[in-house]
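Peer 1: For reference, the structure I am asking about is given below.
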Amino acid sequence: MASHWPVIVGINQYQSLQPLMYAQFDALELRDFLVAEVGLPAQYCSLLTDISAVVYEGAAAPTREVMLQRLAQSCDRAGPEDTVWFFFSGYGVLWQGKDYLLPIDADPNRIEQTGILVETLLNQLAQGNQRQSIVMLDMNRPQSALSPASGGGNLGDQTLALAKSLEIPLVLSCQPNQFSQETLAVRHGLFTEALIEGMRFHGCLTLAQLVSYLRDRVPELCQHHWRPVQNPVALVPAGQQYAMLVPPSLVGQMPVGVMPQPETLPEPQPEPEIALPVEPSPGWPVYPALVPIDPPNNEFAKPWPPTQPLDPELPPGVLPEVTKPPAPSQPSVPSLVPWQRWGILVAGLLLLGVLWRNQESFVGGGSATAPSVVPPPDGAVAGGVANPAAETVGEPLFPGTAASGAEALARARTALDQRQFGEALSWLTQIPEDERPEDYEALVNQAEMGYTNAELSGGAALNQARRLIEPVSASLFNDAIEQARQVPVGDLAYEQAQADIERWSLVILDLAEGRAAAGDLDAAISAARLVPEDQGETWGQAQAQIQKWEQSRVNRQLLQEAQSLLQPDQATSFQSAIAIAQQIPPDYPESAIAQERIDQWSRDILAIARARAASGQLPSAISAAGLVPPGTSAYEQAQQEIQQWQGQ
């Protein structure tokens, strides 16, 4: 029976590089998902992270030697029908034209000797016993690696070429000219968040299904969390699109999002027939990363995962059928998973919006401005989805369908009274020509003028505020907040501006907490102080964190001061250091460090006392041992030896 042998690597605390925040969590949750939720035997899954050896039996630290050894063992243990899945979340670098993965013990000054050539890794997979290999790499680029010595090019280009030549399915977390993103909001890299989300909630069982989901979802997460764009890219050899992500025998155990009871489901509606390519494209298809579409009215702020069931036509707990590759002699149309159907529906609505906004340019006589198009990123295949830069201001453009011309007219007048000009335009277009009132043209002109003015006033100010934002810079979010405050009360864009100010304040706090997690308390405090005072709960959280970080900063200074007092053979210097370390309050990370040092310094005092006693200086030994504070591991022993020395 076919099985899977995952090798999962996630590294936060590098020995010679700045730590990452959530690479470790990426590996831990993926392993827990496969073992605890899917049902993969724990002994089949090799976990390599910087803390896993303490928590998970059989896990190990991801050193260079261990990573290569565990991969070789998995390839040897896998049978001819099995799959070896290699997942890596950590640093990767391009050095002298070659891609390297950096294990936990990598030395940035000795990349060739301490890094792992991606070529070596892929060759090992190609020579294994397994039928199928799947490689997923979430490679972060350390700033120290971005130097001319890297040999030019981008990290990932060589990896894609190697995977193509060896016919190994490969998924990279981002385009070679982009950076992987992570955020405190989900405590994961965005790539891994989408990967687990797709398998856990959306029934992504095959490689093709997962790749298609990642392509759309990762850019959406970047937008939602205000991170620079990240577009996953995949290379899937012909015929391997249907590689299973879990063993077929465990498909029935795949967790699926909770589905509503049948009586709450809407009546099934017939689906339109959609023409799709019957056979995969020849050669080596690269799933291009699509340019994300900016949703109007903050649509990407809706909660995820959606409450919509995976497929209203399926009973609860039943997974969608996995489509097998069609035989050449019997072409068939692959079935769509539910989220693809919704995606097509949303795309259709967006297309209708573009046609409506530009109808005058199609019928003539108008002066409508065509929306600008954002070119696809480097590496995207021609024909990808473009990104309309123009944003809808205010209410939705397509509110619904009226039952009659009279109803549409009444709704249009109501919308005009409420200054909802986009909605009014939609209702006015639904009035048949023979039912249009005498003032129809005046109503249309009023709606169009109001809509245009909205775009040129508050909407323009809000868009200008949004353009100020460059993720990872808290000060620019603060600048954007000040710009958004210029939208006056009563303006159509006012409510949206206030919503953006609230979200940007949360992002500033998120960035501050990320800096604190990386150990930069000064930068964390500076960022948190940018949260506006009028942001109630968020400001309160920021102030609490500032107070905590300022105390941590004081704690670190106390530890340094205590350490600087120590003098060899001077018991009183150790006593003074202990007194300073005892000033650190509990419930802080530094408190545990302080307790360890107090305990060690107490043993050092006892060692000094014993040395004096051995040289015959009993009064001095007794005096030194008396400095060992109560509550430490050396205290009881010190008291016993004091009594012994006094008896002598």
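Chain labels A, B, ... are given in the sequence in which chains occur in the structure tokens; within each chain residues are numbered consecutively from 1, and ligands are likewise numbered from 1 in the order shown.
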Which residues are close to Arg131 in chain A, i.e. within 12 Å by only C-alpha atoms, leaving aside same-chain residues fewer than 4 positions away? Reply as a PyMOL selection string.
Peer 2: chain A and resi 2-5+75-76+78-85+125-127+167-168+240+243-244
Peer 1: Output the selection as a JSON list (two decimals), in the first residue's frame - N, CA and C atoms for each residue.
Peer 2:
[["chain", "number", "residue", "atom", "x", "y", "z"],
["A", 2, "ALA", "N", 0.59, 2.19, -0.89],
["A", 2, "ALA", "CA", 1.42, 3.39, -1.03],
["A", 2, "ALA", "C", 1.34, 4.25, 0.22],
["A", 3, "SER", "N", 2.47, 4.86, 0.58],
["A", 3, "SER", "CA", 2.51, 5.75, 1.73],
["A", 3, "SER", "C", 3.40, 6.95, 1.41],
["A", 4, "HIS", "N", 3.49, 7.86, 2.38],
["A", 4, "HIS", "CA", 4.29, 9.07, 2.21],
["A", 4, "HIS", "C", 5.35, 9.13, 3.30],
["A", 5, "TRP", "N", 6.50, 9.73, 2.95],
["A", 5, "TRP", "CA", 7.61, 9.89, 3.87],
["A", 5, "TRP", "C", 8.05, 11.35, 3.87],
["A", 75, "CYS", "N", 14.43, 8.28, 1.66],
["A", 75, "CYS", "CA", 14.47, 7.73, 0.30],
["A", 75, "CYS", "C", 14.74, 6.23, 0.32],
["A", 76, "ASP", "N", 15.56, 5.77, 1.26],
["A", 76, "ASP", "CA", 15.86, 4.33, 1.34],
["A", 76, "ASP", "C", 14.67, 3.54, 1.88],
["A", 78, "ALA", "N", 11.46, 4.38, 1.69],
["A", 78, "ALA", "CA", 10.27, 4.48, 0.84],
["A", 78, "ALA", "C", 10.24, 3.32, -0.16],
["A", 79, "GLY", "N", 9.04, 2.79, -0.39],
["A", 79, "GLY", "CA", 8.85, 1.72, -1.34],
["A", 79, "GLY", "C", 8.65, 2.23, -2.75],
["A", 80, "PRO", "N", 8.54, 1.33, -3.73],
["A", 80, "PRO", "CA", 8.41, 1.74, -5.14],
["A", 80, "PRO", "C", 7.11, 2.47, -5.45],
["A", 81, "GLU", "N", 6.10, 2.38, -4.56],
["A", 81, "GLU", "CA", 4.84, 3.09, -4.79],
["A", 81, "GLU", "C", 4.68, 4.29, -3.86],
["A", 82, "ASP", "N", 5.71, 4.61, -3.09],
["A", 82, "ASP", "CA", 5.61, 5.66, -2.08],
["A", 82, "ASP", "C", 6.03, 7.02, -2.62],
["A", 83, "THR", "N", 5.82, 8.04, -1.79],
["A", 83, "THR", "CA", 6.17, 9.42, -2.11],
["A", 83, "THR", "C", 7.03, 10.00, -0.99],
["A", 84, "VAL", "N", 8.13, 10.64, -1.36],
["A", 84, "VAL", "CA", 8.96, 11.38, -0.41],
["A", 84, "VAL", "C", 8.67, 12.87, -0.61],
["A", 85, "TRP", "N", 8.27, 13.50, 0.47],
["A", 85, "TRP", "CA", 7.87, 14.91, 0.42],
["A", 85, "TRP", "C", 8.89, 15.69, 1.25],
["A", 125, "LEU", "N", 16.93, 12.87, -4.19],
["A", 125, "LEU", "CA", 15.53, 12.48, -4.40],
["A", 125, "LEU", "C", 15.37, 11.72, -5.71],
["A", 126, "ALA", "N", 16.05, 12.16, -6.76],
["A", 126, "ALA", "CA", 15.93, 11.51, -8.06],
["A", 126, "ALA", "C", 16.45, 10.09, -8.04],
["A", 127, "GLN", "N", 17.41, 9.79, -7.16],
["A", 127, "GLN", "CA", 18.02, 8.46, -7.11],
["A", 127, "GLN", "C", 17.37, 7.55, -6.07],
["A", 167, "GLU", "N", 12.79, 16.13, -13.50],
["A", 167, "GLU", "CA", 11.37, 15.76, -13.49],
["A", 167, "GLU", "C", 10.85, 15.58, -12.07],
["A", 168, "ILE", "N", 11.17, 16.53, -11.20],
["A", 168, "ILE", "CA", 10.71, 16.51, -9.81],
["A", 168, "ILE", "C", 9.74, 17.67, -9.61],
["A", 240, "GLN", "N", 2.24, 14.62, -13.84],
["A", 240, "GLN", "CA", 2.37, 14.55, -12.39],
["A", 240, "GLN", "C", 1.48, 15.57, -11.67],
["A", 243, "ALA", "N", -0.39, 14.12, -8.59],
["A", 243, "ALA", "CA", 0.34, 13.52, -7.47],
["A", 243, "ALA", "C", -0.41, 13.80, -6.17],
["A", 244, "MET", "N", -0.63, 12.75, -5.37],
["A", 244, "MET", "CA", -1.40, 12.87, -4.14],
["A", 244, "MET", "C", -0.53, 13.47, -3.03]]
Peer 1: Could you give me the residues within range 186-241 of chain A that DSSP places in strand (DSSP E or B), as a PyMOL selection string?
Peer 2: chain A and resi 188-189+206+233-235
Peer 1: Please provide as a list in words all residues within 9 Å of Glu193 in chain A, with the sequence filter that same-chain residues fewer than 4 positions apart are discarded (counting only C-alpha atoms).
Peer 2: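 Skipping anything fewer than 4 positions along the chain leaves Asp26, Val186, Arg187, His188, Gly189, Glu197, Gly198, Val218 and Leu221 of chain A.
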Peer 1: Can you pull out every residue within 9 Å of Ile481 in chain A, counting only C-alpha atoms, but drop anything in the same chain fewer than 4 positions away, and send it as a list in words?
Peer 2: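 Answer for this query is Ala465, Arg466, Leu476, Phe477, Arg485, Ala497, Gln498, Asp500, Ile501, Glu502, Trp504, Ser505 and Pro532 of chain A.
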Peer 1: Take the residues that were just selected and, keeping N, CA, C and O atoms, output them as a PDB file, in the first residue's frame.
Peer 2:
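Saved as result_7.pdb:
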ATOM      1  N   ALA A 465      -3.451  58.174   0.730  1.00  0.00           N
ATOM      2  CA  ALA A 465      -2.980  57.602   1.991  1.00  0.00           C
ATOM      3  C   ALA A 465      -2.498  56.181   1.789  1.00  0.00           C
ATOM      4  O   ALA A 465      -1.464  55.773   2.310  1.00  0.00           O
ATOM      5  N   ARG A 466      -3.247  55.400   1.004  1.00  0.00           N
ATOM      6  CA  ARG A 466      -2.860  54.011   0.773  1.00  0.00           C
ATOM      7  C   ARG A 466      -1.545  53.911   0.023  1.00  0.00           C
ATOM      8  O   ARG A 466      -0.775  52.976   0.233  1.00  0.00           O
ATOM      9  N   LEU A 476       5.764  54.602   7.888  1.00  0.00           N
ATOM     10  CA  LEU A 476       4.953  54.899   6.709  1.00  0.00           C
ATOM     11  C   LEU A 476       3.482  54.611   6.967  1.00  0.00           C
ATOM     12  O   LEU A 476       2.607  55.285   6.423  1.00  0.00           O
ATOM     13  N   PHE A 477       3.181  53.604   7.788  1.00  0.00           N
ATOM     14  CA  PHE A 477       1.791  53.386   8.178  1.00  0.00           C
ATOM     15  C   PHE A 477       1.284  54.571   8.992  1.00  0.00           C
ATOM     16  O   PHE A 477       0.133  54.990   8.862  1.00  0.00           O
ATOM     17  N   ARG A 485      -6.580  60.901   7.818  1.00  0.00           N
ATOM     18  CA  ARG A 485      -7.350  61.777   8.706  1.00  0.00           C
ATOM     19  C   ARG A 485      -7.837  63.037   7.987  1.00  0.00           C
ATOM     20  O   ARG A 485      -8.701  63.753   8.501  1.00  0.00           O
ATOM     21  N   ALA A 497     -12.057  55.451   5.401  1.00  0.00           N
ATOM     22  CA  ALA A 497     -10.805  55.981   5.937  1.00  0.00           C
ATOM     23  C   ALA A 497     -10.633  55.593   7.401  1.00  0.00           C
ATOM     24  O   ALA A 497      -9.543  55.203   7.833  1.00  0.00           O
ATOM     25  N   GLN A 498     -11.709  55.681   8.177  1.00  0.00           N
ATOM     26  CA  GLN A 498     -11.633  55.305   9.588  1.00  0.00           C
ATOM     27  C   GLN A 498     -11.331  53.818   9.752  1.00  0.00           C
ATOM     28  O   GLN A 498     -10.572  53.412  10.640  1.00  0.00           O
ATOM     29  N   ASP A 500      -9.670  52.007   7.602  1.00  0.00           N
ATOM     30  CA  ASP A 500      -8.265  51.820   7.247  1.00  0.00           C
ATOM     31  C   ASP A 500      -7.344  52.264   8.377  1.00  0.00           C
ATOM     32  O   ASP A 500      -6.325  51.625   8.660  1.00  0.00           O
ATOM     33  N   ILE A 501      -7.685  53.371   9.035  1.00  0.00           N
ATOM     34  CA  ILE A 501      -6.878  53.849  10.165  1.00  0.00           C
ATOM     35  C   ILE A 501      -6.839  52.794  11.270  1.00  0.00           C
ATOM     36  O   ILE A 501      -5.789  52.525  11.859  1.00  0.00           O
ATOM     37  N   GLU A 502      -7.978  52.178  11.521  1.00  0.00           N
ATOM     38  CA  GLU A 502      -8.032  51.134  12.543  1.00  0.00           C
ATOM     39  C   GLU A 502      -7.157  49.947  12.159  1.00  0.00           C
ATOM     40  O   GLU A 502      -6.396  49.419  12.979  1.00  0.00           O
ATOM     41  N   TRP A 504      -4.620  49.899   9.973  1.00  0.00           N
ATOM     42  CA  TRP A 504      -3.203  50.284   9.919  1.00  0.00           C
ATOM     43  C   TRP A 504      -2.608  50.373  11.324  1.00  0.00           C
ATOM     44  O   TRP A 504      -1.433  50.082  11.530  1.00  0.00           O
ATOM     45  N   SER A 505      -3.414  50.778  12.292  1.00  0.00           N
ATOM     46  CA  SER A 505      -2.938  50.814  13.678  1.00  0.00           C
ATOM     47  C   SER A 505      -2.612  49.406  14.162  1.00  0.00           C
ATOM     48  O   SER A 505      -1.604  49.185  14.853  1.00  0.00           O
ATOM     49  N   PRO A 532      -1.905  55.483  17.178  1.00  0.00           N
ATOM     50  CA  PRO A 532      -2.593  56.709  17.629  1.00  0.00           C
ATOM     51  C   PRO A 532      -3.363  56.501  18.929  1.00  0.00           C
ATOM     52  O   PRO A 532      -3.911  55.424  19.179  1.00  0.00           O
TER      53      PRO A 532
END
